[in-house]
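S.K.: My structure is below; once you've seen it, I'll send some questions.
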Amino acid sequence: MRNIIFLILLFVFELNYAQETIGLVFNDINKTKSNGYTLISPISDTRTFLINNCGEVVHQWSFPEDNARNYYILENGNILQSSGTYAEIRDWENNILWSLNYQSELGFRIHHDIQPLPNGNFLVLVKDNYTNTAMFAAGMDTSYPNNDLELEKIVEIEPVGTNSANVVWEWKLFDHLVQEFDNSKPNYGSVSTNPQLLNMNYEDGEASNPIHANAIDYNPDLDQIAFSARHLKEVFVIDHSTTTAQAASHSGGIYGKGGDFLWRWGNPEVYNKGTINDRKLGRQHDIKWITEGPDKGKMSVFSNDGYGTNTNFSSVHIIDQNATNGVYSTSSGTFLPSDYFWSWDGTILGKVMGESAQCGLQIMSNGNALINETSTGRITEVDRNGNVIWVYIIPVGSNINYNQFTEAVGNNAFRAHRYAENYKGFEGKTFNNTGIIEDVNSIAANCSEILSVDNLFSDKLQVYPNPTKSNLNFNMHIDVINVYDLSGKNVLSKMNSESINLENLKNGIYIVKVISGENYSALKIIKN
């Protein structure tokens with residue numbers, strides 16, 4: 001029978017967040033958090049940080065420009081980061097592998113969001129501008145008062161060499177419109193019976209920017225793309241398996257619909273299947289598929305207007321699309337589901353979650369929600385019962401590290417991503433814990449993990465040499481190696497390896513926690 005022994009490397013302290021204003025400001029040690037590392041990069045700062053759940057930096061990159069909203073650790077361990085004008089790929093050691101100026105190389109700027117693809121390419125959102133003359137010719141209501149109109153296109157970029165790129169696929173919203181205004185013009189048809197197309201004359205007070213896409217995601221199992229249109233209060237799914245020519249049509253691809261919408265949700269009023277009272281989303285951001293855990297395959301989204309219409313607070317949601325193998329159902333012509341699968345809105349440390357722009361949501365493997373509120377730089381973990389269990393306020397911005405008990409300025413981040421400890425991109429990588437970013441933090445100082453020891457696994461595990469001057473070796477492949485000092489601080493980590501180098505650690509006693517599959521073990525080692 002498996003015998004589990006818990007080694008608790010921390011002292012008991014009361015949960016108290018009032019004494020800290022930045023960094024780790026709340027940590028409920030009685031609730032189960034999602035293990036892993038959180039990637040953050042304030043928009044006004046040139047640095048990108050990977051932090052652990054104690055708010056300590058375990059890795060860091062720097063980039064030549066600020067205003068980068070998008071940053072992803074790729075499965076090969078490199079990091080892709082992008083602003084509206086440039087993109088870079090850097091390796092784990094911060095060396096530039098590839099860079100691109102969108103404007104000079106491809107002739108356009110991007111906006112808001114990007115999405116890496118498994119083939120090494122990435123998707124971007126690009127404004128697609130038309131004159132009112134061109135739109136009138138396509139069937140737009142001639143009472144439209146402005147000279148131009150901003151639609152959207154999605155472009156797939158293939159990095160080439162060290163500073164070049166190819167556009168290998170493109171989808172344009174302009175190719176998927178319907179209108180009831182003029183039967184002598186293209187796109188004429190019934191809006192309500194063509195929900196796979198966008199009503200080009202729907203207007204909700206947004207003038208020349210009626211779409212305002214702000215998020216994009218990709219599902220490799222389905223070969224589908226999701227994107228969010230803030231001003232339509234809708235999220236959409238389209239087929240990526242098409243060629244560019246098919247993407248401009250209404251047929252082709254593995255789902256047979258070309259570039260038409262496979263699914264849309266949030267505001268059926270846009271396709272004449274509801275009213276404002278039927279809105280489920282409002283000015284939403286960060287639509288994406290859930291990739292792990294009990295909700296895998298569903299989608300998550302941050303609704304800036306709570307439940308679609310209330311601007312006094314925001315809400316987060318899980319959506320069950322009622323899909324079968326990437327095919328989506330309707331009821332009486334309205335795309336399912338009829339309601340949210342799970343929702344949360346509430347207060348975080350006495351402050352209502354209410355953001356009018358940006359923000360993000362990630363549902364993790366244990367079902368908890370990681371919420372990023374952009375304007376405050378606040379990142380919160382909420383469990384499925386609605387309990388706030390972890391709160392971190394970014395303590396950096398404009399290339400300044402803020403001291404505790406001061407207000408961080410410019411610490412707003414477009415997104416926050418938490419990667420599991422065994423994420424593929426960490427394979428063979430060494431983390432060096434440099435501590436918290438701010439000067440002091442009593443909650444972080446008292447933060448430690450609970451190390452669980454499986455005696456049966458421990459009996460098989462061999463570690464040598466011990467004591468050691470540098471390398472610590474294992475007799476088997478280890479998924480995750482974490483090294484802690486006696487205060488419980490995680491000082492070094494490495495993924496998917498059979499050894500770890502302790503040469504840069506001070507001499508002394510350390511606890512090494514190893515994870516292999518579902519097995520855990522912890523042991524005391526001496527560095528001399």
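Ordered as shown in the structure tokens, chains take letters A, B, and onward, while each chain numbers its residues from 1 and ligands are numbered from 1 in the order shown.
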Need the shell around A:Thr406: protein/DNA/RNA residues with any atom at most 10 Å away, counting only C-alpha atoms. Skip same-chain ones fewer than 5 positions apart. Format as a PyMOL selection string?
M.R.: chain A and resi 20-22+395
S.K.: For the residues in the current selection, export N, CA, C and O atoms as a PDB file, in the first residue's frame.
M.R.:
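Full text of again.pdb as output:
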```pdb
ATOM      1  N   GLU A  20       0.585  43.582   2.275  1.00  0.00           N
ATOM      2  CA  GLU A  20       1.327  43.665   1.026  1.00  0.00           C
ATOM      3  C   GLU A  20       0.448  44.284  -0.059  1.00  0.00           C
ATOM      4  O   GLU A  20      -0.752  43.997  -0.140  1.00  0.00           O
ATOM      5  N   THR A  21       1.036  45.113  -0.896  1.00  0.00           N
ATOM      6  CA  THR A  21       0.270  45.804  -1.942  1.00  0.00           C
ATOM      7  C   THR A  21       0.677  45.380  -3.338  1.00  0.00           C
ATOM      8  O   THR A  21      -0.084  45.603  -4.285  1.00  0.00           O
ATOM      9  N   ILE A  22       1.859  44.811  -3.526  1.00  0.00           N
ATOM     10  CA  ILE A  22       2.301  44.333  -4.836  1.00  0.00           C
ATOM     11  C   ILE A  22       2.993  42.987  -4.680  1.00  0.00           C
ATOM     12  O   ILE A  22       3.354  42.576  -3.587  1.00  0.00           O
ATOM     13  N   PRO A 395       4.582  43.746  -9.986  1.00  0.00           N
ATOM     14  CA  PRO A 395       5.300  44.833  -9.301  1.00  0.00           C
ATOM     15  C   PRO A 395       6.302  45.566 -10.186  1.00  0.00           C
ATOM     16  O   PRO A 395       7.292  46.121  -9.698  1.00  0.00           O
TER      17      PRO A 395
END
```
S.K.: Got a sec: who's within 8 Å of A:Val514, counting only C-alpha atoms, leaving out chain neighbours fewer than 4 positions off, as an MDAnalysis selection string?
M.R.: chainID A and resid 478:482 520:522
S.K.: Could you write out that same residue set with all heavy atoms as a PDB file, in the first residue's frame?
M.R.:
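Full text of result.pdb as output:
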```pdb
ATOM      1  N   ILE A 478      13.595  11.759 -15.007  1.00  0.00           N
ATOM      2  CA  ILE A 478      12.737  12.504 -14.096  1.00  0.00           C
ATOM      3  C   ILE A 478      11.992  13.575 -14.878  1.00  0.00           C
ATOM      4  O   ILE A 478      12.598  14.321 -15.653  1.00  0.00           O
ATOM      5  CB  ILE A 478      13.555  13.146 -12.956  1.00  0.00           C
ATOM      6  CG1 ILE A 478      14.393  12.089 -12.227  1.00  0.00           C
ATOM      7  CG2 ILE A 478      12.635  13.884 -11.986  1.00  0.00           C
ATOM      8  CD1 ILE A 478      13.592  11.016 -11.538  1.00  0.00           C
ATOM      9  N   ASP A 479      10.681  13.689 -14.663  1.00  0.00           N
ATOM     10  CA  ASP A 479       9.888  14.696 -15.365  1.00  0.00           C
ATOM     11  C   ASP A 479      10.172  16.100 -14.835  1.00  0.00           C
ATOM     12  O   ASP A 479      10.361  17.039 -15.600  1.00  0.00           O
ATOM     13  CB  ASP A 479       8.391  14.402 -15.233  1.00  0.00           C
ATOM     14  CG  ASP A 479       7.986  13.131 -15.958  1.00  0.00           C
ATOM     15  OD1 ASP A 479       8.711  12.728 -16.884  1.00  0.00           O
ATOM     16  OD2 ASP A 479       6.959  12.535 -15.585  1.00  0.00           O
ATOM     17  N   VAL A 480      10.172  16.247 -13.508  1.00  0.00           N
ATOM     18  CA  VAL A 480      10.370  17.563 -12.891  1.00  0.00           C
ATOM     19  C   VAL A 480      11.315  17.420 -11.716  1.00  0.00           C
ATOM     20  O   VAL A 480      11.108  16.567 -10.848  1.00  0.00           O
ATOM     21  CB  VAL A 480       9.038  18.178 -12.405  1.00  0.00           C
ATOM     22  CG1 VAL A 480       9.277  19.569 -11.804  1.00  0.00           C
ATOM     23  CG2 VAL A 480       8.031  18.263 -13.543  1.00  0.00           C
ATOM     24  N   ILE A 481      12.364  18.257 -11.684  1.00  0.00           N
ATOM     25  CA  ILE A 481      13.304  18.303 -10.563  1.00  0.00           C
ATOM     26  C   ILE A 481      13.221  19.693  -9.956  1.00  0.00           C
ATOM     27  O   ILE A 481      13.483  20.692 -10.627  1.00  0.00           O
ATOM     28  CB  ILE A 481      14.747  18.022 -11.007  1.00  0.00           C
ATOM     29  CG1 ILE A 481      14.843  16.719 -11.797  1.00  0.00           C
ATOM     30  CG2 ILE A 481      15.693  18.010  -9.809  1.00  0.00           C
ATOM     31  CD1 ILE A 481      16.173  16.526 -12.524  1.00  0.00           C
ATOM     32  N   ASN A 482      12.850  19.799  -8.684  1.00  0.00           N
ATOM     33  CA  ASN A 482      12.804  21.074  -7.975  1.00  0.00           C
ATOM     34  C   ASN A 482      13.732  21.017  -6.768  1.00  0.00           C
ATOM     35  O   ASN A 482      13.680  20.058  -5.987  1.00  0.00           O
ATOM     36  CB  ASN A 482      11.392  21.403  -7.505  1.00  0.00           C
ATOM     37  CG  ASN A 482      10.493  21.845  -8.637  1.00  0.00           C
ATOM     38  OD1 ASN A 482      10.912  22.624  -9.481  1.00  0.00           O
ATOM     39  ND2 ASN A 482       9.260  21.357  -8.659  1.00  0.00           N
ATOM     40  N   TYR A 520       5.990  10.836  -6.713  1.00  0.00           N
ATOM     41  CA  TYR A 520       6.708  11.947  -6.109  1.00  0.00           C
ATOM     42  C   TYR A 520       7.715  11.393  -5.100  1.00  0.00           C
ATOM     43  O   TYR A 520       7.499  10.364  -4.470  1.00  0.00           O
ATOM     44  CB  TYR A 520       5.752  12.885  -5.364  1.00  0.00           C
ATOM     45  CG  TYR A 520       4.748  13.579  -6.227  1.00  0.00           C
ATOM     46  CD1 TYR A 520       3.594  12.922  -6.653  1.00  0.00           C
ATOM     47  CD2 TYR A 520       4.936  14.900  -6.615  1.00  0.00           C
ATOM     48  CE1 TYR A 520       2.655  13.566  -7.444  1.00  0.00           C
ATOM     49  CE2 TYR A 520       4.001  15.559  -7.400  1.00  0.00           C
ATOM     50  CZ  TYR A 520       2.867  14.887  -7.807  1.00  0.00           C
ATOM     51  OH  TYR A 520       1.943  15.528  -8.587  1.00  0.00           O
ATOM     52  N   SER A 521       8.792  12.121  -4.952  1.00  0.00           N
ATOM     53  CA  SER A 521       9.733  11.784  -3.890  1.00  0.00           C
ATOM     54  C   SER A 521      10.494  13.036  -3.499  1.00  0.00           C
ATOM     55  O   SER A 521      10.631  13.965  -4.296  1.00  0.00           O
ATOM     56  CB  SER A 521      10.716  10.696  -4.345  1.00  0.00           C
ATOM     57  OG  SER A 521      11.530  10.293  -3.259  1.00  0.00           O
ATOM     58  N   ALA A 522      10.955  13.074  -2.274  1.00  0.00           N
ATOM     59  CA  ALA A 522      11.771  14.194  -1.810  1.00  0.00           C
ATOM     60  C   ALA A 522      12.921  13.643  -0.987  1.00  0.00           C
ATOM     61  O   ALA A 522      12.770  12.659  -0.258  1.00  0.00           O
ATOM     62  CB  ALA A 522      10.941  15.163  -0.975  1.00  0.00           C
TER      63      ALA A 522
END
```
S.K.: Could I get the residues of stretch 80-119 of chain A with an atom no further than 12 Å from an atom of stretch 429-453 of chain A, each paired with its nearest atom pair and that distance in Å to one decimal, using only C-alpha atoms, sorted by chain and residue number, as a Markdown table?
M.R.:
```
| residue | atom | partner | partner_atom | distance |
| --- | --- | --- | --- | --- |
| A:Asp91 | CA | A:Lys429 | CA | 10.8 |
| A:Trp92 | CA | A:Lys429 | CA | 7.8 |
| A:Glu93 | CA | A:Lys429 | CA | 9.9 |
```
S.K.: Limited to C-alpha atoms, could you put the picked residues into a file as a PDB file, in the first residue's frame?
M.R.:
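Written out: result.pdb:
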```
ATOM      1  CA  ASP A  91      15.912  30.992 -27.159  1.00  0.00           C
ATOM      2  CA  TRP A  92      15.972  30.148 -23.455  1.00  0.00           C
ATOM      3  CA  GLU A  93      19.196  32.126 -23.024  1.00  0.00           C
TER       4      GLU A  93
END
```
S.K.: Quick check, in Å to one decimal: how far apart do atom CA of A:Leu349 and atom CA of A:Val25 lie?
M.R.: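 Atom CA of A:Val25 lies 9.1 Å from atom CA of A:Leu349.
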S.K.: Taking 3 positions as the minimum chain separation for residues in the same chain, which residues sit within 12 Å of A:Ser331 when counting only C-alpha atoms? Answer as a PyMOL selection string.
M.R.: chain A and resi 268+273+322+328+334-338
S.K.: Would you kindly return, as a count of residues only, each protein, DNA or RNA residue with an atom no farther than 12 Å from any atom of A:Pro220, considering only C-alpha atoms and excluding same-chain residues fewer than 6 positions away?
M.R.: 13
S.K.: Hey, what does DSSP flag as strand (DSSP E) within stretch 355-387 of chain A? Can you give it to me as JSON, numbers by chain?
M.R.: {"A": [360, 361, 362, 363, 369, 370, 371, 372, 373, 378, 379, 380, 381, 382]}
S.K.: Any idea what's packed within 10 Å of stretch 74-78 of chain A, counting only C-alpha atoms, ignoring anything in its chain fewer than 2 positions away? Could you give it as a VMD selection string?
M.R.: chain A and resid 71 to 72 80 to 81 89 to 97 116 to 118 120 423 to 429
S.K.: Skipping near chain neighbours, those fewer than 2 positions away, what residues fall within 10 Å of A:Leu486 using only C-alpha atoms, listed as a PyMOL selection string?
M.R.: chain A and resi 9-10+483-484+488-490+508-511+524
S.K.: Which is closer to A:Asn411 than all the others in A:Asn466, A:Gln179, A:Thr193, A:Thr376, using only C-alpha atoms?
M.R.: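 Looking only at the distances to A:Asn411, the closest residue turns out to be A:Thr376.
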S.K.: Skip A:Ser62 itself and residues of its chain fewer than 6 positions away, then list as a PyMOL selection string all residues within 9 Å of it, counting only C-alpha atoms.
M.R.: chain A and resi 46-49+94
S.K.: Go ahead and compute the interatomic distance for atom CA of A:Trp265 and atom CA of A:His250, in Å to one decimal.
M.R.: 19.8 Å
